[in-house]
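Source file: final.cif (mmCIF, C-alpha atoms)
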```
data_my_file
loop_
_atom_site.label_atom_id
_atom_site.label_comp_id
_atom_site.auth_asym_id
_atom_site.auth_seq_id
_atom_site.Cartn_x
_atom_site.Cartn_y
_atom_site.Cartn_z
CA MET A 1 99.23 106.63 -183.85
CA GLN A 2 98.33 108.68 -180.78
CA THR A 3 97.35 111.57 -183.01
CA GLN A 4 95.18 109.33 -185.12
CA VAL A 5 93.26 107.90 -182.17
CA PHE A 6 92.74 111.28 -180.63
CA LEU A 7 91.68 112.79 -183.94
CA ASN A 8 89.26 109.93 -184.51
CA VAL A 9 87.74 110.28 -181.06
CA SER A 10 86.65 113.83 -180.51
CA SER A 11 84.80 113.15 -177.26
CA SER A 12 85.75 115.29 -174.30
CA ASP A 13 85.16 112.17 -172.19
CA VAL A 14 88.54 110.74 -173.20
CA ARG A 15 91.87 111.46 -171.56
CA GLY A 16 95.33 110.35 -172.58
CA TYR A 17 98.56 109.97 -170.65
CA VAL A 18 101.86 109.56 -172.42
CA VAL A 19 104.67 108.21 -170.25
CA TRP A 20 108.06 108.59 -171.89
CA MET A 21 110.57 105.94 -170.90
CA PRO A 22 114.16 105.98 -172.18
CA VAL A 23 114.22 102.32 -173.21
CA THR A 24 116.24 102.64 -176.39
CA SER A 25 117.23 106.28 -176.18
CA PHE A 26 120.33 107.56 -174.55
CA GLY A 27 121.33 111.10 -173.78
CA LYS A 28 119.00 113.60 -175.33
CA TRP A 29 115.73 111.88 -174.43
CA GLU A 30 114.18 115.02 -172.92
CA ALA A 31 114.61 117.05 -176.09
CA ALA A 32 113.23 114.09 -178.05
CA ALA A 33 110.22 113.87 -175.70
CA HIS A 34 109.46 117.57 -176.18
CA GLU A 35 109.84 117.20 -179.92
CA GLN A 36 107.38 114.32 -179.87
CA ALA A 37 104.95 116.37 -177.79
CA TRP A 38 104.51 118.73 -180.73
CA ARG A 39 103.29 115.82 -182.80
CA ILE A 40 100.46 115.21 -180.34
CA PRO A 41 99.13 118.72 -179.67
CA ASP A 42 96.00 117.62 -177.85
CA LYS A 43 95.02 119.18 -174.56
CA ARG A 44 93.33 115.94 -173.46
CA ILE A 45 96.79 114.36 -173.24
CA THR A 46 99.21 114.87 -170.36
CA ARG A 47 102.82 113.78 -170.53
CA TYR A 48 105.18 112.32 -167.96
CA TYR A 49 108.69 110.98 -167.78
CA ASP A 50 109.59 107.70 -166.12
CA ALA A 51 113.38 107.76 -165.88
CA GLU A 52 113.69 104.25 -164.45
CA SER A 53 110.85 102.66 -166.44
CA HIS A 54 109.09 101.77 -163.15
CA LEU A 55 105.68 101.80 -164.74
CA GLY A 56 106.85 99.66 -167.65
CA ASN A 57 108.30 97.14 -165.21
CA VAL A 58 104.99 96.92 -163.33
CA TYR A 59 102.94 96.51 -166.51
CA ALA A 60 105.17 93.87 -168.13
CA PRO A 61 103.87 91.01 -165.91
CA LEU A 62 100.38 92.54 -165.70
CA LEU A 63 100.08 92.30 -169.48
CA HIS A 64 101.75 88.86 -169.45
CA LEU A 65 104.58 90.01 -171.69
CA THR A 66 107.19 87.37 -172.27
CA GLY A 67 110.92 87.90 -172.19
CA SER A 68 112.71 90.51 -170.15
CA GLY A 69 112.43 94.27 -170.09
CA PRO A 70 109.68 96.74 -169.35
CA ALA A 71 106.39 97.13 -171.18
CA TRP A 72 106.85 99.90 -173.68
CA ASP A 73 105.30 100.82 -176.97
CA VAL A 74 102.05 99.70 -175.38
CA TYR A 75 98.67 101.44 -175.56
CA MET A 76 96.17 100.66 -172.80
CA VAL A 77 92.53 101.66 -172.59
CA PHE A 78 90.67 101.93 -169.28
CA GLY A 79 86.95 102.20 -168.74
CA PRO A 80 85.32 105.11 -166.90
CA GLU A 81 85.13 103.16 -163.64
CA ALA A 82 88.82 102.15 -163.47
CA ARG A 83 90.64 103.30 -160.35
CA TRP A 84 94.34 103.34 -159.61
CA ASN A 85 94.74 102.05 -156.07
CA ALA A 86 97.94 100.62 -154.61
CA GLN A 87 98.84 99.06 -157.95
CA PRO A 88 98.15 100.37 -161.45
CA PRO A 89 94.86 98.98 -162.84
CA ALA A 90 94.63 96.32 -165.55
CA PRO A 91 93.41 97.76 -168.84
CA SER A 92 90.10 96.82 -170.46
CA PHE A 93 91.90 96.68 -173.79
CA TRP A 94 95.47 97.06 -174.96
CA MET A 95 97.66 96.90 -178.02
CA HIS A 96 101.38 97.08 -178.63
CA GLN A 97 104.18 97.52 -181.12
CA LEU A 98 106.48 94.90 -179.63
CA PRO A 99 108.16 91.99 -181.40
CA ALA A 100 106.08 88.80 -181.60
CA ARG A 101 108.39 87.09 -179.08
CA ARG A 102 107.20 89.48 -176.38
CA ALA A 103 103.46 89.93 -177.00
CA PRO A 104 100.67 88.35 -179.07
CA ALA A 105 100.82 89.32 -182.74
CA GLU A 106 97.03 89.62 -182.87
CA GLN A 107 97.29 92.55 -180.46
CA LEU A 108 99.66 94.45 -182.70
CA LEU A 109 98.70 98.10 -182.83
CA ASP A 110 95.84 98.93 -185.14
CA PRO A 111 94.57 102.52 -184.72
CA ASP A 112 91.13 101.60 -186.08
CA ARG A 113 90.68 98.85 -183.53
CA MET A 114 91.95 101.11 -180.77
CA THR A 115 89.48 103.78 -181.81
CA HIS A 116 86.69 101.20 -181.87
CA ALA A 117 87.60 99.98 -178.36
CA ILE A 118 87.53 103.52 -177.01
CA GLN A 119 84.20 104.20 -178.66
CA GLU A 120 82.80 100.95 -177.27
CA LEU A 121 83.74 102.00 -173.76
CA LEU A 122 82.34 105.47 -174.32
CA GLY A 123 79.13 103.87 -175.59
CA THR A 124 78.89 101.53 -172.63
CA GLU A 125 79.11 104.43 -170.23
CA LYS A 126 76.60 106.46 -172.19
CA LYS A 127 74.10 103.60 -172.26
CA ALA A 128 74.55 103.04 -168.52
CA ALA A 129 73.95 106.72 -167.84
CA GLU A 130 70.85 106.69 -170.06
CA LEU A 131 69.54 103.62 -168.25
CA GLU A 132 70.06 105.34 -164.93
CA ASP A 133 68.49 108.57 -166.16
CA GLY A 134 65.52 106.66 -167.54
CA GLN A 135 65.13 104.88 -164.28
CA ASP A 136 65.32 108.13 -162.31
CA ALA A 137 62.67 109.68 -164.54
CA ARG A 138 60.34 106.74 -164.05
CA LEU A 139 60.98 106.73 -160.31
CA ARG A 140 60.12 110.40 -160.16
CA GLY A 141 57.00 110.12 -162.30
CA SER A 142 55.28 106.98 -161.09
CA ARG A 143 54.79 104.51 -158.30
CA VAL A 144 57.84 102.49 -157.32
CA THR A 145 57.49 98.75 -157.48
CA ALA A 146 59.73 96.28 -155.73
CA GLY A 147 60.66 94.67 -159.05
CA PHE A 148 61.74 97.97 -160.54
CA GLU A 149 63.84 98.78 -157.51
CA SER A 150 65.63 95.49 -157.82
CA PHE A 151 66.25 96.17 -161.53
CA GLY A 152 67.65 99.53 -160.57
CA SER A 153 70.13 98.04 -158.17
CA SER A 154 71.82 96.20 -160.99
CA THR A 155 72.38 99.04 -163.40
CA PRO A 156 75.70 98.51 -165.14
CA ARG A 157 77.23 101.87 -164.20
CA ASN A 158 78.86 100.43 -161.10
CA SER A 159 79.68 97.09 -162.59
CA SER A 160 83.20 95.99 -163.31
CA PRO A 161 84.79 97.04 -166.62
CA ARG A 162 83.72 95.09 -169.66
CA SER A 163 86.68 93.35 -171.11
CA ILE A 164 87.04 93.49 -174.85
CA THR A 165 88.41 90.26 -176.20
CA LEU A 166 90.36 90.39 -179.42
CA MET B 1 94.21 141.01 -215.71
CA ARG B 2 97.71 140.10 -214.56
CA LEU B 3 98.78 141.74 -211.36
CA ARG B 4 102.51 142.29 -210.99
CA ALA B 5 104.16 142.96 -207.62
CA HIS B 6 105.91 146.11 -208.68
CA ALA B 7 102.60 147.55 -209.84
CA LEU B 8 101.20 147.42 -206.29
CA ALA B 9 101.16 150.43 -204.03
CA PRO B 10 103.51 150.20 -200.98
CA LYS B 11 100.55 149.61 -198.62
CA GLN B 12 99.24 146.79 -200.79
CA ARG B 13 102.70 145.23 -201.02
CA LEU B 14 102.98 145.27 -197.23
CA ALA B 15 99.52 143.72 -196.84
CA THR B 16 100.38 141.02 -199.40
CA ALA B 17 103.62 140.22 -197.57
CA VAL B 18 101.83 139.96 -194.21
CA ILE B 19 99.15 137.67 -195.63
CA ALA B 20 101.76 135.49 -197.33
CA ALA B 21 103.82 135.21 -194.15
CA THR B 22 100.73 134.32 -192.09
CA LEU B 23 99.65 131.68 -194.59
CA ALA B 24 103.15 130.21 -194.70
CA ALA B 25 103.25 130.01 -190.91
CA VAL B 26 99.84 128.34 -190.71
CA LEU B 27 100.54 125.88 -193.52
CA SER B 28 103.93 124.94 -192.14
CA GLY B 29 102.33 124.09 -188.82
CA CYS B 30 104.01 126.93 -186.94
CA SER B 31 100.77 128.21 -185.53
CA PRO B 32 100.10 125.40 -183.02
CA ARG B 33 103.64 125.83 -181.76
CA HIS B 34 102.47 128.88 -179.89
CA ALA B 35 100.74 126.51 -177.45
CA ALA B 36 102.92 127.27 -174.46
CA TRP B 37 101.51 124.35 -172.45
CA LEU B 38 103.47 121.98 -174.68
CA ASP B 39 106.70 123.59 -173.55
CA LEU B 40 106.08 122.91 -169.87
CA PRO B 41 108.66 120.67 -168.18
CA LEU B 42 107.70 116.99 -168.10
CA PRO B 43 106.69 115.82 -164.62
CA THR B 44 108.87 112.90 -163.53
CA LEU B 45 107.06 109.92 -162.05
CA SER B 46 107.91 109.02 -158.48
CA ASN B 47 108.18 105.43 -157.24
CA ASP B 48 104.46 105.47 -156.42
CA PHE B 49 103.68 106.87 -159.89
CA GLU B 50 102.64 110.31 -158.76
CA PRO B 51 101.45 112.68 -160.18
CA LEU B 52 100.03 110.34 -162.84
CA ARG B 53 98.11 108.24 -160.31
CA THR B 54 96.28 111.24 -158.88
CA ARG B 55 95.51 112.57 -162.34
CA PHE B 56 94.21 109.18 -163.48
CA ASN B 57 91.83 108.93 -160.51
CA LYS B 58 90.76 112.54 -160.93
CA ASP B 59 89.71 111.67 -164.48
CA ALA B 60 87.51 108.77 -163.31
CA GLY B 61 84.27 108.74 -165.28
CA LYS B 62 86.16 109.21 -168.54
CA VAL B 63 87.70 106.64 -170.84
CA ARG B 64 91.46 106.84 -170.37
CA VAL B 65 94.32 105.80 -172.62
CA LEU B 66 97.74 105.17 -171.11
CA MET B 67 100.67 105.01 -173.53
CA LEU B 68 104.14 103.87 -172.51
CA LEU B 69 106.55 105.06 -175.17
CA ASP B 70 110.16 105.73 -175.95
CA PRO B 71 110.60 109.24 -177.30
CA THR B 72 113.18 108.35 -179.92
#
```
Since I need it in another form, could you write the structure as structure tokens?
Amino acid sequence: MQTQVFLNVSSSDVRGYVVWMPVTSFGKWEAAAHEQAWRIPDKRITRYYDAESHLGNVYAPLLHLTGSGPAWDVYMVFGPEARWNAQPPAPSFWMHQLPARRAPAEQLLDPDRMTHAIQELLGTEKKAAELEDGQDARLRGSRVTAGFESFGSSTPRNSSPRSITL
Amino acid sequence: MRLRAHALAPKQRLATAVIAATLAAVLSGCSPRHAAWLDLPLPTLSNDFEPLRTRFNKDAGKVRVLMLLDPT
């Protein structure tokens, strides 16, 4: 799946992070993780190992997963403005490959929908940048009116991430 | 005209073998395996999720995809 999303989205404005967690694997997880890495040979992706599934345990309640156990087999998309402060940020969009008893079936992984969500967020950022650029150009080339200034203060670039509802 | 291997000159046979080996390597996907960066040790996350947290914030301005997976 990862390969498909990253092949579908060629933008250099996308980054991926794979966190391997030994949820079902025992023993030779590291060799397995390296083997998997060869299936995703994309330099936009960095890989990590979470031996105790700390990150999965933090995301399980954040994503409102039911049942026990960490969040794993989950794919989360974050907008350009997302920041990781004391706690990991909530995603703008996410999908999973978990059983229906743990997460909504309508959010079951669909690479096409994931790709679309990523492209939406890329498009949002691009439009915001274009708006800002357009505004800058007009500010440079003509008189500044109070109304225009107030429009400029609400450009969406600094607004909170747009949530994509499934 | 049919071209038989034994009819080739030694130099041509060598060139044919090299081309065949290269093609086989590329088609079998061996070529990308020379990417040494994929062989680097996996960084282990600390309790405060470093170095992922720093990397994530460094990449601000880009759309980011975080995947939590089991390798097996």
* Tell me the residues of chain A close to chain B, meaning within 8 Å using all atoms listed in the file, as a ChimeraX atom specification. => /A:13-25,29,32-34,36-38,41,47-51,54-56,71-84,88,118,121-122
* What is the CA of Asn57 (chain A)-CA of Pro104 (chain A) distance in Å, reported with one decimal? ->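 Distance between the two atoms: 18.1 Å.
What separates CA of His64 (chain A) from CA of His116 (chain A) is a distance of 23.1 Å.
Between CA of Arg102 (chain A) and CA of Leu65 (chain A) lies a distance of 5.4 Å.
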* To do: Can you pull out every residue within 9 Å of Asp110 (chain A), counting only C-alpha atoms, but drop anything in the same chain fewer than 4 positions away, and send it as a list in words?
  =>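 Within the cut-off, the hits are Met1, Met95, His96, Met114 and Thr115 of chain A.
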